[in-house]
There are 2 protein chains.
Amino acid sequence: MAYGYNSKILRVNLTNKQMSIEEPDENFYRRYMGGRGFIAYYLLKELQAGIDPLGPDNKLIFATGVITGGRIAGSGRNSVGAKSPLTNGYGEAEAGGYWGPELKRAGYDAIIFEGKAEKPVYLWLGSGEPELRDASHLWGKTTLETETAIREELGDRNIKTALIGPAGENQVRVACILNDISHAYGRSGMGAVMGSKNLKGVAVRGKNPPAIADQAKIKEIVMWLSQNYSKGMQDLGTAGGLMGLNQGGGLPTRNFREGVFEGAESISGQTMRDTILINRGTCYACPVKCKRVVKVDEPYKVNPEYGGPEYETLGSLGSNCGVDNLAAIAKGNELCNAYGLDTIGVGTIIGFAMECFENGLITETDTDGIQLRFGNADAMVKMVEMIAKRQPNFCKKVNQKRQGIGDLLAEGVKRAAEKIGEGASEFAMHVKGQEFPMHEPRYKQGMGLGYAVSPTGADHMQGLHDAGSRDLGTDKVRTFLYRQFWSSFRNCAGICVFLPYTRNQFPDIIRGLTGWDVTDWELMKVGERCLTMTRAFNVREGFTKADDIFPKRIHQAFTSGPLAEVGYGEDRLSEAVSMYYDMAGWGRETGVPRKGKLQELDIEWVADLL
Amino acid sequence: MAYGYNSKILRVNLTNKQMSIEEPDENFYRRYMGGRGFIAYYLLKELQAGIDPLGPDNKLIFATGVITGGRIAGSGRNSVGAKSPLTNGYGEAEAGGYWGPELKRAGYDAIIFEGKAEKPVYLWLGSGEPELRDASHLWGKTTLETETAIREELGDRNIKTALIGPAGENQVRVACILNDISHAYGRSGMGAVMGSKNLKGVAVRGKNPPAIADQAKIKEIVMWLSQNYSKGMQDLGTAGGLMGLNQGGGLPTRNFREGVFEGAESISGQTMRDTILINRGTCYACPVKCKRVVKVDEPYKVNPEYGGPEYETLGSLGSNCGVDNLAAIAKGNELCNAYGLDTIGVGTIIGFAMECFENGLITETDTDGIQLRFGNADAMVKMVEMIAKRQPNFCKKVNQKRQGIGDLLAEGVKRAAEKIGEGASEFAMHVKGQEFPMHEPRYKQGMGLGYAVSPTGADHMQGLHDAGSRDLGTDKVRTFLYRQFWSSFRNCAGICVFLPYTRNQFPDIIRGLTGWDVTDWELMKVGERCLTMTRAFNVREGFTKADDIFPKRIHQAFTSGPLAEVGYGEDRLSEAVSMYYDMAGWGRETGVPRKGKLQELDIEWVADLL
């Protein structure tokens, strides 16, 4: 009997409605652990290179980790992955919340969705057999409407849902999946993949959590954490650092043109706490409560059920759009959660569109009269909605098809810029097609390296927060590499980054839950193994070093602010990337994992796929 | 202020008698830790490639680790290293005992000897300034005579010594260094290097151990160990497994020609316990007492002050010479400790000589009438003495110089076989010039891989004890590689292998002693780093994959016994070695550490030396 997990992975073929259970052995769980490990494993084993991410050949995998649902703070975490419609490479997103632990209590560690349903469906996992139910009546509905309807029709208010909104249905490439309405699997366009499969949601309700190997040890961890978590995080949430970033010149402003935002104070965590915050939300078993719950009545009406903006959202819909109107940002955030849009991606898209507008690449004719300028809060809110709905206002740039601006931008900055032409690509802040998060690479240069080499494109979940540092030498690259291993492990295990557990507590946590006598070395190797698998996935899709790059803007120096004259030279990045490859045991110029490294990581089977 | 170490390394130039103190920073200690880490660091930085190991340009380095002297069982361990006169590559030997902890209490973590004294000297480290004292009167004396004399002349019975005997003085290539008379730094010919420098010994007496960061944590470890150490190891010592090896067909017998010895029971740990054992010895702070103390009156008189034979000695002077006479083995062991000879090396040499004799490559004329046949206990004992003294009986094989058989064999099997010619090399069981220890590579195939790739030649301190396994696939090679990292860490830290501490206890131990917040990952990386440095040393000396090989005999199958038909094919070894290199981040066919690996390990400076 297994501790800490169910030994059950549910496979759902949406095309023919067949469902089956797989029961991998302990070795599989200990080697890959869950989350990214499972996702990369199945995508590598089961996808062919070159398939359409939005076609039926893609697979969408929800995966908990061995820690997910493990009764300790931070264990709400879990991942979802597929080939990304943004990057055409490895796609993955993480979220906290309650859905992952609920899935585990329902008896499953992961779900693999394959094929495409003929009509909209949702999956219901309750105490009986798994059931694919009609979702035609839910199609087009917001996440809150959908969750409410599902709970009503199944007669259980405690059902947890992972859903897409209209954005996912419309296959907006920055569409996300939301669980509990406000916890987003944000990045990589996973909502679009779900939409392409006609899968509206996964509703779960379970009552049997996996057994725990050492209850006393887990209780000890819970007690320790209750004395040691961050009160600052509770007070201000993830936005606590916004003012510091702005002071340092590293707050992405007006599409990464600047690093200082004159309206920063209006959108800070402090201002939010003192004005629109009405509550603090949290995840399963977690006393930290870093989530925000906000309420606004005017000029925008914001429903607190959708939570409130995190730092990334304050940056992307705020400073990055030049918007200092906190109520508008809260509204944009609410719409993103209601329609199922990644706030990061959509904010970076709107910032891009605003710069295009200010430079005449998009005009009022395209926007149907909207003054899509930096600082126009109304325009920002309106664009969120238009992107989610692919609203077909006339757009002259692509007027041969009479494609609307919302429809155009729904493709993400990379594709939109290609259609607009005329130098719009210079304003498209992305790596591999995935939009920049709200960390300025010239300010956090180790984070920048992460943007360049992350398997999912510009991604802030595995970089260094090395604010103010200009160093990119061997120490920095090594620190980044090791941090990436650790982030990768956390993803596999299903544990949040915002907890103060020490590295030496993790062997205890994993042993307490599973009974495995692991060490920090083994856990780091899990992370390294699964990171290398994601690289292998991209190599198979044809990615090379030429894809591990920045948009030009980052290579140029700031012209003002505390970081005036600071850039991130192309050679500098290229050298760091090569060193990173070599340190990782990949070809120094190719980034292709060496056979010996795959053998060392116990994934020799991957070599046959490259 | 440092915990756990002194921040003091003593440098002694024997040529000009200058001494100086170096005080490396915490970063140095945390990165290299001591032992092998210090030795490889200084040898790489300070030696030129191609120097004569027995010339004044070689350096001899005694190095404790951060655990050495740390009040816990197993902390008696420490290392000594130099370029090896056996292999002309990286040389190193470990020992337990009391001398290492005493050195630390005297205020030093390591001693670097350079140059060559004009006349014999010994170094005295007491409460005053370090002092080089005349040792002319001690030259030629046994270790016990020397220790007694030094204690008398310095007036302190508690002085601890690390000494060479006549073998080291005579630069016998398998000469060792002994501390406390019976703890041998056995391998790599370190005694010959010491002799070549006219350095008879290092006498130390100290009263100020380094402070401990967390006394309570260390006490907890001591308490735990007192309840958890091996009673079997105490009962039978390292010889407890001899009968099992014999049963499996893996007890080196008659120069590795066979794996089953008909006289095994006579030389087993059980027989020793029930006959000649009068006491159990131990090391600093250790309750295990794995060391033997034996007393024999006839037919050989064996002085218990020299301890007793360990498993390696029972094999090398016993089964490997076909000798089933425990008293003779005990006598051979006593002579080795008195004269300062590595019992492993000398036993393998005698086995080699016996096979040469039986095959007519050495005759009675060469041996001055000694019937140097397998099973001749007297001959074995006599040869130990003749090798130590390079006794110049006539030897026709090299009669142009009238070199004696003792003198010839004192060069080790590789050089002796080259001189003898006529196919003697087939009987020379060594890798890179270092003689085989008593583990049969065809029986422990992972251990065999260790013999091939160890930086010091055939060495059992870092291999796998994978008795009976024939597997050499990726799992085996990876397990071996990781074990090597761990052995390397233990060497650097100064901790014995025979303690049941778990991997997860080591971060606690190191943190308890030093205050460093280390994890298992960091400790493994220390081991990997320092292992890679030893490989780099050998690469600089010109070693290639062609040196990572076995003598032919191991490639041939056994003709009888439980392992009949089992060999260790050349291709099989070659493939495992290449895989090992690649897994280690070294060139798959060259074994040269890649730049990216050196950068990852934070030893980029090594790249400039290759």
# chains A, B, ... in the order shown; residues from 1 in each chain; ligands from 1
call {"tool": "interface_residues", "arguments": {"of": "chain B", "to": "chain A", "cutoff": "7 Å", "atoms": "only C-alpha atoms", "output": "PyMOL selection string"}}
result
chain B and resi 474+478+503-504+519-521+579+582-583+585+596-597+599-600
call {"tool": "write_last_selection", "arguments": {"atoms": "N, CA and C atoms", "output": "short mmCIF file (atom, residue, chain, number, x, y, z; two decimals), in the first residue's frame"}}
result
data_model
loop_
_atom_site.label_atom_id
_atom_site.label_comp_id
_atom_site.auth_asym_id
_atom_site.auth_seq_id
_atom_site.Cartn_x
_atom_site.Cartn_y
_atom_site.Cartn_z
N THR B 474 23.36 0.89 -16.77
CA THR B 474 23.33 2.29 -16.32
C THR B 474 23.04 2.42 -14.84
N ARG B 478 25.61 4.36 -12.43
CA ARG B 478 25.13 5.54 -11.69
C ARG B 478 25.30 5.35 -10.19
N ARG B 503 22.46 9.23 5.53
CA ARG B 503 22.80 10.39 4.72
C ARG B 503 22.15 11.65 5.30
N ASN B 504 20.95 11.50 5.83
CA ASN B 504 20.26 12.67 6.36
C ASN B 504 20.81 13.14 7.70
N THR B 519 23.23 21.01 3.10
CA THR B 519 22.27 19.95 2.79
C THR B 519 23.04 18.78 2.16
N ASP B 520 22.35 17.68 2.01
CA ASP B 520 22.96 16.51 1.39
C ASP B 520 23.45 16.82 -0.02
N TRP B 521 22.72 17.66 -0.71
CA TRP B 521 23.15 18.07 -2.06
C TRP B 521 24.52 18.75 -2.01
N MET B 579 30.66 5.19 -20.16
CA MET B 579 29.39 5.65 -19.60
C MET B 579 29.64 6.43 -18.31
N ASP B 582 30.93 9.87 -19.08
CA ASP B 582 29.87 10.74 -19.61
C ASP B 582 28.92 11.15 -18.50
N MET B 583 28.57 10.20 -17.65
CA MET B 583 27.69 10.53 -16.52
C MET B 583 28.35 11.56 -15.59
N GLY B 585 30.20 13.89 -16.45
CA GLY B 585 30.40 15.18 -17.10
C GLY B 585 31.80 15.32 -17.67
N GLY B 596 32.11 22.96 -18.63
CA GLY B 596 30.83 23.24 -17.97
C GLY B 596 30.71 22.51 -16.64
N LYS B 597 31.25 21.31 -16.57
CA LYS B 597 31.21 20.57 -15.29
C LYS B 597 32.09 21.27 -14.26
N GLN B 599 32.78 24.40 -14.18
CA GLN B 599 32.07 25.62 -13.80
C GLN B 599 30.93 25.30 -12.84
N GLU B 600 30.22 24.25 -13.14
CA GLU B 600 29.11 23.88 -12.27
C GLU B 600 29.63 23.55 -10.87
#
call {"tool": "select_by_dssp", "arguments": {"residues": "region 74-198 of chain A", "states": "strand (DSSP E)", "output": "ChimeraX atom specification"}}
result
/A:78-83,90-95,110-114,121-125,131-134,160-163,177-179,183-185
call {"tool": "residues_around", "arguments": {"residues": "region 97-114 of chain A", "least_positions_apart": "5", "cutoff": "8 Å", "atoms": "only C-alpha atoms", "output": "ChimeraX atom specification"}}
result
/A:5-15,34,56-65,68-70,75-78,125-127,160-162,179-180,183,204-210,282-284
call {"tool": "residues_around", "arguments": {"residues": "Gly201 (chain B)", "least_positions_apart": "6", "cutoff": "9 Å", "atoms": "only C-alpha atoms", "output": "list in words"}}
result
Val121, Tyr122, Leu123, Trp124, Ala135, Thr146, Glu147, Thr161, Ala162, Leu163, Ile164, Ile177 and Met194 of chain B
call {"tool": "write_last_selection", "arguments": {"atoms": "all heavy atoms", "output": "tab-separated table (two decimals), in the first residue's frame"}}
result
chain	number	residue	atom	x	y	z
B	121	VAL	N	64.78	14.28	9.70
B	121	VAL	CA	64.16	15.15	10.70
B	121	VAL	C	62.78	14.61	11.06
B	121	VAL	O	62.23	13.76	10.36
B	121	VAL	CB	63.97	16.60	10.18
B	121	VAL	CG1	65.31	17.28	9.96
B	121	VAL	CG2	63.13	16.61	8.90
B	122	TYR	N	62.28	15.09	12.18
B	122	TYR	CA	60.84	14.93	12.40
B	122	TYR	C	60.27	16.28	12.84
B	122	TYR	O	61.01	17.15	13.33
B	122	TYR	CB	60.52	13.81	13.39
B	122	TYR	CG	60.83	14.04	14.86
B	122	TYR	CD1	59.88	14.59	15.73
B	122	TYR	CD2	62.07	13.66	15.39
B	122	TYR	CE1	60.17	14.77	17.08
B	122	TYR	CE2	62.36	13.83	16.73
B	122	TYR	CZ	61.42	14.39	17.58
B	122	TYR	OH	61.69	14.56	18.92
B	123	LEU	N	58.98	16.45	12.63
B	123	LEU	CA	58.32	17.71	12.99
B	123	LEU	C	57.64	17.52	14.33
B	123	LEU	O	56.95	16.53	14.56
B	123	LEU	CB	57.27	18.07	11.92
B	123	LEU	CG	56.45	19.33	12.20
B	123	LEU	CD1	57.31	20.60	12.16
B	123	LEU	CD2	55.28	19.45	11.21
B	124	TRP	N	57.86	18.48	15.19
B	124	TRP	CA	57.22	18.45	16.52
B	124	TRP	C	56.25	19.62	16.65
B	124	TRP	O	56.62	20.78	16.52
B	124	TRP	CB	58.29	18.47	17.60
B	124	TRP	CG	57.85	18.84	19.01
B	124	TRP	CD1	58.41	19.77	19.83
B	124	TRP	CD2	56.76	18.26	19.76
B	124	TRP	NE1	57.77	19.84	21.02
B	124	TRP	CE2	56.73	18.92	21.03
B	124	TRP	CE3	55.83	17.26	19.50
B	124	TRP	CZ2	55.79	18.61	22.02
B	124	TRP	CZ3	54.88	16.96	20.50
B	124	TRP	CH2	54.87	17.62	21.73
B	135	ALA	N	66.42	13.70	13.32
B	135	ALA	CA	65.93	12.33	13.45
B	135	ALA	C	66.99	11.33	13.00
B	135	ALA	O	66.67	10.17	12.72
B	135	ALA	CB	64.65	12.15	12.64
B	146	THR	N	60.65	4.12	17.25
B	146	THR	CA	60.69	5.56	16.98
B	146	THR	C	59.72	6.31	17.87
B	146	THR	O	60.05	7.33	18.48
B	146	THR	CB	60.35	5.83	15.50
B	146	THR	OG1	61.24	5.06	14.69
B	146	THR	CG2	60.51	7.31	15.17
B	147	GLU	N	58.49	5.77	17.96
B	147	GLU	CA	57.49	6.45	18.78
B	147	GLU	C	57.95	6.51	20.24
B	147	GLU	O	57.86	7.55	20.89
B	147	GLU	CB	56.13	5.74	18.70
B	147	GLU	CG	55.08	6.45	19.53
B	147	GLU	CD	53.70	5.82	19.42
B	147	GLU	OE1	53.41	4.87	20.17
B	147	GLU	OE2	52.91	6.27	18.58
B	161	THR	N	51.93	10.12	17.08
B	161	THR	CA	52.89	10.20	15.98
B	161	THR	C	52.32	9.65	14.67
B	161	THR	O	51.51	8.73	14.66
B	161	THR	CB	54.15	9.35	16.29
B	161	THR	OG1	53.76	7.98	16.44
B	161	THR	CG2	54.85	9.85	17.55
B	162	ALA	N	52.79	10.24	13.58
B	162	ALA	CA	52.60	9.66	12.25
B	162	ALA	C	54.02	9.43	11.73
B	162	ALA	O	54.80	10.38	11.60
B	162	ALA	CB	51.84	10.61	11.34
B	163	LEU	N	54.35	8.16	11.46
B	163	LEU	CA	55.76	7.81	11.22
B	163	LEU	C	55.93	6.93	10.00
B	163	LEU	O	55.00	6.22	9.59
B	163	LEU	CB	56.29	7.01	12.43
B	163	LEU	CG	56.22	7.65	13.81
B	163	LEU	CD1	56.60	6.62	14.87
B	163	LEU	CD2	57.14	8.86	13.88
B	164	ILE	N	57.15	6.96	9.48
B	164	ILE	CA	57.52	5.89	8.55
B	164	ILE	C	58.50	4.96	9.24
B	164	ILE	O	59.15	5.32	10.23
B	164	ILE	CB	58.17	6.43	7.25
B	164	ILE	CG1	59.40	7.30	7.57
B	164	ILE	CG2	57.15	7.18	6.41
B	164	ILE	CD1	60.24	7.65	6.34
B	177	ILE	N	52.51	5.15	5.79
B	177	ILE	CA	52.75	5.96	6.98
B	177	ILE	C	51.82	5.41	8.05
B	177	ILE	O	50.68	5.06	7.76
B	177	ILE	CB	52.42	7.45	6.70
B	177	ILE	CG1	53.25	7.97	5.53
B	177	ILE	CG2	52.63	8.29	7.95
B	177	ILE	CD1	52.79	9.33	4.99
B	194	MET	N	57.44	10.26	1.94
B	194	MET	CA	57.91	10.82	3.21
B	194	MET	C	59.39	10.50	3.40
B	194	MET	O	60.18	11.37	3.80
B	194	MET	CB	57.06	10.24	4.35
B	194	MET	CG	57.17	10.96	5.67
B	194	MET	SD	55.65	10.69	6.65
B	194	MET	CE	56.25	11.07	8.31
call {"tool": "residues_around", "arguments": {"residues": "region 312-321 of chain B", "least_positions_apart": "4", "cutoff": "9 Å", "atoms": "only C-alpha atoms", "output": "PyMOL selection string"}}
result
chain B and resi 238-239+242+251-258+260-264+267-269+325-326+328-330+332-333+343-352+354+373-377+380-381+437-439
call {"tool": "write_last_selection", "arguments": {"atoms": "N, CA and C atoms", "output": "tab-separated table (two decimals), in the first residue's frame"}}
result
chain	number	residue	atom	x	y	z
B	238	THR	N	36.75	-6.13	10.62
B	238	THR	CA	36.48	-6.11	9.18
B	238	THR	C	36.53	-7.49	8.56
B	239	ALA	N	37.05	-8.47	9.32
B	239	ALA	CA	37.16	-9.82	8.78
B	239	ALA	C	35.86	-10.61	8.87
B	242	LEU	N	34.72	-12.43	5.63
B	242	LEU	CA	35.65	-13.27	4.87
B	242	LEU	C	35.04	-14.60	4.43
B	251	LEU	N	36.83	-14.67	-2.73
B	251	LEU	CA	37.97	-14.39	-1.84
B	251	LEU	C	39.26	-14.53	-2.66
B	252	PRO	N	39.94	-13.41	-2.87
B	252	PRO	CA	41.14	-13.46	-3.71
B	252	PRO	C	42.12	-14.54	-3.21
B	253	THR	N	42.44	-15.45	-4.06
B	253	THR	CA	43.23	-16.61	-3.67
B	253	THR	C	44.32	-16.87	-4.70
B	254	ARG	N	45.54	-17.07	-4.17
B	254	ARG	CA	46.71	-17.34	-5.03
B	254	ARG	C	46.77	-16.36	-6.20
B	255	ASN	N	46.99	-15.10	-5.80
B	255	ASN	CA	47.19	-14.02	-6.77
B	255	ASN	C	46.02	-13.88	-7.75
B	256	PHE	N	44.81	-14.00	-7.19
B	256	PHE	CA	43.60	-13.77	-7.99
B	256	PHE	C	43.40	-14.81	-9.09
B	257	ARG	N	44.10	-15.95	-8.94
B	257	ARG	CA	43.88	-17.03	-9.89
B	257	ARG	C	42.57	-17.71	-9.58
B	258	GLU	N	42.24	-17.76	-8.26
B	258	GLU	CA	41.02	-18.41	-7.81
B	258	GLU	C	40.23	-17.48	-6.88
B	260	VAL	N	38.19	-19.10	-4.34
B	260	VAL	CA	37.85	-19.91	-3.18
B	260	VAL	C	39.14	-20.42	-2.56
B	261	PHE	N	39.25	-20.22	-1.25
B	261	PHE	CA	40.47	-20.65	-0.56
B	261	PHE	C	40.12	-21.77	0.41
B	262	GLU	N	40.76	-22.89	0.22
B	262	GLU	CA	40.43	-24.07	1.05
B	262	GLU	C	40.78	-23.84	2.52
B	263	GLY	N	41.67	-22.89	2.78
B	263	GLY	CA	42.05	-22.63	4.17
B	263	GLY	C	41.36	-21.43	4.77
B	264	ALA	N	40.26	-21.00	4.15
B	264	ALA	CA	39.60	-19.76	4.59
B	264	ALA	C	39.25	-19.77	6.07
B	267	ILE	N	41.71	-18.62	8.63
B	267	ILE	CA	42.11	-17.20	8.67
B	267	ILE	C	40.90	-16.27	8.82
B	268	SER	N	39.78	-16.85	9.24
B	268	SER	CA	38.55	-16.03	9.32
B	268	SER	C	38.56	-15.15	10.57
B	269	GLY	N	37.65	-14.18	10.56
B	269	GLY	CA	37.48	-13.32	11.72
B	269	GLY	C	37.06	-14.11	12.94
B	325	ASN	N	47.95	-19.90	7.55
B	325	ASN	CA	48.55	-19.87	8.88
B	325	ASN	C	48.31	-18.49	9.50
B	326	LEU	N	47.35	-18.44	10.42
B	326	LEU	CA	46.94	-17.15	10.99
B	326	LEU	C	48.09	-16.47	11.75
B	328	ALA	N	51.24	-16.70	11.06
B	328	ALA	CA	52.17	-16.12	10.08
B	328	ALA	C	51.62	-14.81	9.54
B	329	ILE	N	50.30	-14.79	9.30
B	329	ILE	CA	49.68	-13.54	8.81
B	329	ILE	C	49.83	-12.45	9.85
B	330	ALA	N	49.59	-12.83	11.13
B	330	ALA	CA	49.72	-11.87	12.21
B	330	ALA	C	51.15	-11.34	12.27
B	332	GLY	N	53.30	-11.25	9.72
B	332	GLY	CA	53.48	-10.39	8.54
B	332	GLY	C	52.89	-9.01	8.77
B	333	ASN	N	51.71	-9.02	9.41
B	333	ASN	CA	51.04	-7.75	9.71
B	333	ASN	C	51.89	-6.91	10.66
B	343	THR	N	50.06	-3.36	3.91
B	343	THR	CA	49.84	-4.81	3.90
B	343	THR	C	49.16	-5.26	2.61
B	344	ILE	N	48.30	-4.41	2.05
B	344	ILE	CA	47.65	-4.78	0.80
B	344	ILE	C	48.68	-4.89	-0.31
B	345	GLY	N	49.43	-3.82	-0.48
B	345	GLY	CA	50.40	-3.80	-1.57
B	345	GLY	C	51.41	-4.92	-1.45
B	346	VAL	N	51.91	-5.12	-0.24
B	346	VAL	CA	52.99	-6.09	-0.08
B	346	VAL	C	52.46	-7.51	-0.27
B	347	GLY	N	51.23	-7.77	0.17
B	347	GLY	CA	50.65	-9.11	-0.03
B	347	GLY	C	50.43	-9.40	-1.50
B	348	THR	N	49.96	-8.40	-2.23
B	348	THR	CA	49.75	-8.59	-3.67
B	348	THR	C	51.08	-8.77	-4.39
B	349	ILE	N	52.09	-8.10	-3.90
B	349	ILE	CA	53.43	-8.27	-4.48
B	349	ILE	C	53.94	-9.69	-4.24
B	350	ILE	N	53.76	-10.18	-3.01
B	350	ILE	CA	54.26	-11.52	-2.69
B	350	ILE	C	53.49	-12.59	-3.47
B	351	GLY	N	52.16	-12.40	-3.58
B	351	GLY	CA	51.38	-13.32	-4.41
B	351	GLY	C	51.90	-13.34	-5.84
B	352	PHE	N	52.19	-12.18	-6.35
B	352	PHE	CA	52.76	-12.06	-7.69
B	352	PHE	C	54.09	-12.81	-7.79
B	354	MET	N	55.16	-15.21	-5.93
B	354	MET	CA	54.95	-16.65	-5.80
B	354	MET	C	54.51	-17.25	-7.13
B	373	ARG	N	56.78	-20.40	-2.84
B	373	ARG	CA	55.57	-21.01	-3.40
B	373	ARG	C	54.33	-20.60	-2.62
B	374	PHE	N	53.18	-20.64	-3.32
B	374	PHE	CA	51.90	-20.39	-2.63
B	374	PHE	C	51.79	-21.33	-1.44
B	375	GLY	N	51.39	-20.81	-0.33
B	375	GLY	CA	51.18	-21.63	0.84
B	375	GLY	C	52.36	-21.65	1.79
B	376	ASN	N	53.47	-21.14	1.35
B	376	ASN	CA	54.66	-21.16	2.21
B	376	ASN	C	54.64	-19.95	3.13
B	377	ALA	N	54.16	-20.19	4.35
B	377	ALA	CA	53.98	-19.10	5.31
B	377	ALA	C	55.31	-18.45	5.68
B	380	MET	N	56.48	-16.18	3.02
B	380	MET	CA	55.70	-14.93	3.01
B	380	MET	C	56.25	-13.95	4.03
B	381	VAL	N	56.45	-14.45	5.26
B	381	VAL	CA	56.94	-13.58	6.33
B	381	VAL	C	58.33	-13.03	5.98
B	437	PRO	N	43.63	-4.47	-4.09
B	437	PRO	CA	43.17	-4.85	-2.74
B	437	PRO	C	42.41	-6.17	-2.83
B	438	MET	N	41.86	-6.59	-1.72
B	438	MET	CA	41.33	-7.95	-1.63
B	438	MET	C	39.84	-8.06	-1.97
B	439	HIS	N	39.48	-7.46	-3.09
B	439	HIS	CA	38.10	-7.59	-3.59
B	439	HIS	C	38.18	-8.01	-5.04
call {"tool": "atom_distance", "arguments": {"atom1": "CA of Tyr90 (chain B)", "atom2": "CA of Asp608 (chain B)"}}
result
18.1 Å
call {"tool": "residues_around", "arguments": {"residues": "Met533 (chain A)", "least_positions_apart": "4", "cutoff": "7 Å", "atoms": "only C-alpha atoms", "output": "ChimeraX atom specification"}}
result
/A:40,529,537
call {"tool": "closest_residue", "arguments": {"among": "B:Gly74, B:Gly4, B:Gly37, B:Gly165", "to": "Val497 (chain B)", "atoms": "only C-alpha atoms"}}
result
B:Gly74
call {"tool": "atom_distance", "arguments": {"atom1": "CA of His465 (chain B)", "atom2": "CA of Gly446 (chain B)"}}
result
7.1 Å
call {"tool": "select_by_dssp", "arguments": {"residues": "region 397-599 of chain B", "states": "alpha helix (DSSP H)", "output": "MDAnalysis selection string"}}
result
chainID B and resid 405:409 412:420 445:453 474:493 505:514 520:540 552:555 570:584 595:599
call {"tool": "decode", "arguments": {"residues": "region 259-268 of chain B", "atoms": "N, CA, C and O atoms", "output": "compact mmCIF listing (two decimals), in the first residue's frame"}}
result
# COMPACT_ATOMS: atom_id res chain seq x y z
N GLY B 259 39.02 -17.91 -6.57
CA GLY B 259 38.17 -17.10 -5.69
C GLY B 259 37.70 -17.88 -4.47
O GLY B 259 36.90 -17.38 -3.68
N VAL B 260 38.19 -19.10 -4.34
CA VAL B 260 37.85 -19.91 -3.18
C VAL B 260 39.14 -20.42 -2.56
O VAL B 260 40.00 -20.96 -3.26
N PHE B 261 39.25 -20.22 -1.25
CA PHE B 261 40.47 -20.65 -0.56
C PHE B 261 40.12 -21.77 0.41
O PHE B 261 39.29 -21.57 1.32
N GLU B 262 40.76 -22.89 0.22
CA GLU B 262 40.43 -24.07 1.05
C GLU B 262 40.78 -23.84 2.52
O GLU B 262 40.19 -24.45 3.41
N GLY B 263 41.67 -22.89 2.78
CA GLY B 263 42.05 -22.63 4.17
C GLY B 263 41.36 -21.43 4.77
O GLY B 263 41.81 -20.88 5.79
N ALA B 264 40.26 -21.00 4.15
CA ALA B 264 39.60 -19.76 4.59
C ALA B 264 39.25 -19.77 6.07
O ALA B 264 39.45 -18.78 6.78
N GLU B 265 38.70 -20.90 6.51
CA GLU B 265 38.24 -20.93 7.90
C GLU B 265 39.37 -20.63 8.89
O GLU B 265 39.15 -19.99 9.92
N SER B 266 40.57 -21.11 8.56
CA SER B 266 41.71 -20.89 9.46
C SER B 266 42.08 -19.42 9.60
O SER B 266 42.76 -19.03 10.55
N ILE B 267 41.71 -18.62 8.63
CA ILE B 267 42.11 -17.20 8.67
C ILE B 267 40.90 -16.27 8.82
O ILE B 267 41.00 -15.06 8.59
N SER B 268 39.78 -16.85 9.24
CA SER B 268 38.55 -16.03 9.32
C SER B 268 38.56 -15.15 10.57
O SER B 268 39.32 -15.36 11.52
